[in-house]
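K.L.:
Structure incoming, see below.
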Amino acid sequence: MTVLYEKLHGSNGALESLSQLDKDIKKALKTYGPPPDRSLPATFQTLARSIVGQQISGAAASSVWNRMKEAELATEDVISDLEPDDMMPLGLSRRKAEYIIGIAKEITSGDLVLESLPKMSGDEVQKRLVKIRGIGAWTADNYRLFALADLDAWPVADIALQEGMKILKSLDTRPDVKIMESMGEPWKPFRGVGALILWHIYGSHKRKATIADI
């Protein structure tokens, strides 16, 4: 059982706590069930994989990441000694290769100690991660939620999250980042829990739409 799962489902779990704050969340949990456990290890690989997935499809990202693993170029110790030209044949753009190498160097040099992040507040983690070239707010928020089980991480720029909120609140249009920030305020300190539920709602609707088209 992962830390994230325990926080969500344990005694006085966060799913129940958030459902008490928002009747629409309570209804959604009854309709769609609890969100799946999407925990990820708090490692370099999780950060690097998120960089690989920026601005490309999930299938394309998985293909690139699998090639990196097959070439044994997926650990910080190896990657920190590489140049972008060494990684680009695997399907990475030069910029992404630079980002991943930069993260590897941050870790191997001791400038970034991943083991220290769980001891920091969510805001401190966010500020530390976004200092690293290639890691924006979305990547930092996702790392906080999936790797560190930070239940208040709130990646408001995520399109699927916005679509999930549109469905949850029966909105006519998809809320933008500013509106998402405002709508998330009443969910504190469980905005990350809300994010997991919104992704679950959006995924459920997308699967139904795919089945309907078959």
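Within each chain, counting starts at residue 1; across the structure tokens, chains are named A, B, ... in the order shown, with ligands numbered 1 upward in that order.
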Return as a PyMOL selection string the full set of residues in range 38-212 of chain A whose backbone-based DSSP assignment is alpha helix (DSSP H).
P.N.:
chain A and resi 44-52+58-70+76-79+84-87+94-108+122-130+137-142+159-168+177-184+191-212
K.L.:
Residues of range 48-88 of chain A that approach range 109-112 of chain A to 12 Å or less, counting only C-alpha atoms: could you list each one with the shortest pair of atoms and its distance in Å to one decimal, rows by chain and increasing residue number, as a tab-separated table?
P.N.:
residue	atom	partner	partner_atom	distance
A:Glu76	CA	A:Ser109	CA	10.3
A:Asp77	CA	A:Ser109	CA	10.0
A:Ser80	CA	A:Ser109	CA	9.2
A:Asp81	CA	A:Ser109	CA	11.4
K.L.:
Atoms to include: N, CA and C atoms. Write the selected residues as a PDB file, in the first residue's frame.
P.N.:
ATOM      1  N   GLU A  76      20.562   8.939 -13.294  1.00  0.00           N
ATOM      2  CA  GLU A  76      21.267  10.209 -13.157  1.00  0.00           C
ATOM      3  C   GLU A  76      22.784  10.057 -13.273  1.00  0.00           C
ATOM      4  N   ASP A  77      23.323   8.946 -12.771  1.00  0.00           N
ATOM      5  CA  ASP A  77      24.772   8.751 -12.817  1.00  0.00           C
ATOM      6  C   ASP A  77      25.285   8.660 -14.248  1.00  0.00           C
ATOM      7  N   SER A  80      24.277  12.243 -16.354  1.00  0.00           N
ATOM      8  CA  SER A  80      25.008  13.460 -15.974  1.00  0.00           C
ATOM      9  C   SER A  80      26.313  13.627 -16.750  1.00  0.00           C
ATOM     10  N   ASP A  81      26.828  12.543 -17.306  1.00  0.00           N
ATOM     11  CA  ASP A  81      28.089  12.606 -18.063  1.00  0.00           C
ATOM     12  C   ASP A  81      27.881  12.723 -19.575  1.00  0.00           C
TER      13      ASP A  81
END
K.L.:
Could you check how far CA of Ile167 in chain A sits from CA of Lys188 in chain A, in Å to one decimal?
P.N.:
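These two atoms are separated by 20.2 Å.
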K.L.:
A:Lys23, A:Arg38, A:Lys166, A:His205: which is nearest Tyr143 in chain A, counting only C-alpha atoms?
P.N.:
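For Tyr143 in chain A, the nearest of the given residues is A:Arg38.
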K.L.:
At what distance in Å, to one decimal, does CA of Lys30 in chain A lie from CA of Asp152 in chain A?
P.N.:
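That distance, rounded to one decimal, is 22.1 Å.
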K.L.:
Could you tell me how far CA of Leu161 in chain A lies from CA of Glu98 in chain A, in Å and to one decimal?
P.N.:
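Computing the Euclidean distance for CA of Leu161 in chain A and CA of Glu98 in chain A yields 28.4 Å.
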K.L.:
Which residues, written as an mmCIF file with N, CA and C atoms, in the first residue's frame, have at least one atom at most 8 Å from Leu47 in chain A, with only C-alpha atoms counted and residues fewer than 3 positions away on the same chain left out?
P.N.:
data_model
loop_
_atom_site.group_PDB
_atom_site.id
_atom_site.type_symbol
_atom_site.label_atom_id
_atom_site.label_comp_id
_atom_site.auth_asym_id
_atom_site.auth_seq_id
_atom_site.Cartn_x
_atom_site.Cartn_y
_atom_site.Cartn_z
ATOM 1 N N THR A 43 11.971 9.781 -7.389
ATOM 2 C CA THR A 43 13.295 9.544 -7.965
ATOM 3 C C THR A 43 13.568 10.458 -9.157
ATOM 4 N N PHE A 44 14.821 10.440 -9.597
ATOM 5 C CA PHE A 44 15.215 11.139 -10.820
ATOM 6 C C PHE A 44 14.385 10.661 -12.000
ATOM 7 N N SER A 50 8.796 12.903 -16.744
ATOM 8 C CA SER A 50 7.862 14.017 -16.929
ATOM 9 C C SER A 50 8.377 14.980 -17.994
ATOM 10 N N ILE A 51 9.688 15.161 -18.059
ATOM 11 C CA ILE A 51 10.274 16.012 -19.101
ATOM 12 C C ILE A 51 10.066 15.374 -20.473
ATOM 13 N N THR A 139 5.031 20.394 -13.798
ATOM 14 C CA THR A 139 5.884 19.255 -13.451
ATOM 15 C C THR A 139 6.120 19.187 -11.942
ATOM 16 N N TYR A 143 4.929 16.175 -9.444
ATOM 17 C CA TYR A 143 5.898 15.455 -8.614
ATOM 18 C C TYR A 143 5.467 15.502 -7.152
#
K.L.:
Find the residues near Tyr99 in chain A: any atom within 10 Å, counting only C-alpha atoms, skip ones fewer than 5 places away on the same chain, and give them as a PDB file with C-alpha atoms, in the first residue's frame.
P.N.:
ATOM      1  CA  ALA A  48      13.044  12.770 -16.229  1.00  0.00           C
ATOM      2  CA  ILE A  51      10.274  16.012 -19.101  1.00  0.00           C
ATOM      3  CA  VAL A  52      10.081  13.357 -21.821  1.00  0.00           C
ATOM      4  CA  PRO A  84      22.547  16.339 -25.718  1.00  0.00           C
ATOM      5  CA  SER A  93      14.650  17.195 -28.747  1.00  0.00           C
ATOM      6  CA  ARG A  94      17.884  19.005 -27.943  1.00  0.00           C
ATOM      7  CA  ALA A 104      20.897  14.646 -13.506  1.00  0.00           C
ATOM      8  CA  LYS A 105      23.770  17.035 -12.809  1.00  0.00           C
ATOM      9  CA  ILE A 132      15.692  23.883 -12.272  1.00  0.00           C
ATOM     10  CA  ARG A 133      15.658  24.553 -16.000  1.00  0.00           C
ATOM     11  CA  GLY A 134      12.922  22.519 -17.662  1.00  0.00           C
ATOM     12  CA  ILE A 135      10.814  22.034 -14.550  1.00  0.00           C
TER      13      ILE A 135
END
K.L.:
Find the residues around range 10-19 of chain A up to 10 Å (only C-alpha atoms counted), leave out those fewer than 2 positions away in its own chain, and share them as a list in words.
P.N.:
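Once the adjacent positions are removed, what remains is Val3, Leu4, Tyr5, Glu6, Lys7, Leu8, Leu21, Asp22, Lys23, Asp24, Ile25, Lys26, Lys27, Ala28, Leu29, Pro34, Pro35, Leu151, Pro186, Trp187, Lys188, Pro189, Phe190, Arg191, Gly192, Val193, Gly194, Leu196 and Ile197 of chain A.
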K.L.:
Using only C-alpha atoms for the distances, tell me which of A:Pro118, A:Gly91, A:Gly102, A:Pro155 is nearest to Met68 in chain A.
P.N.:
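Among the listed residues, A:Gly91 lies closest to Met68 in chain A.
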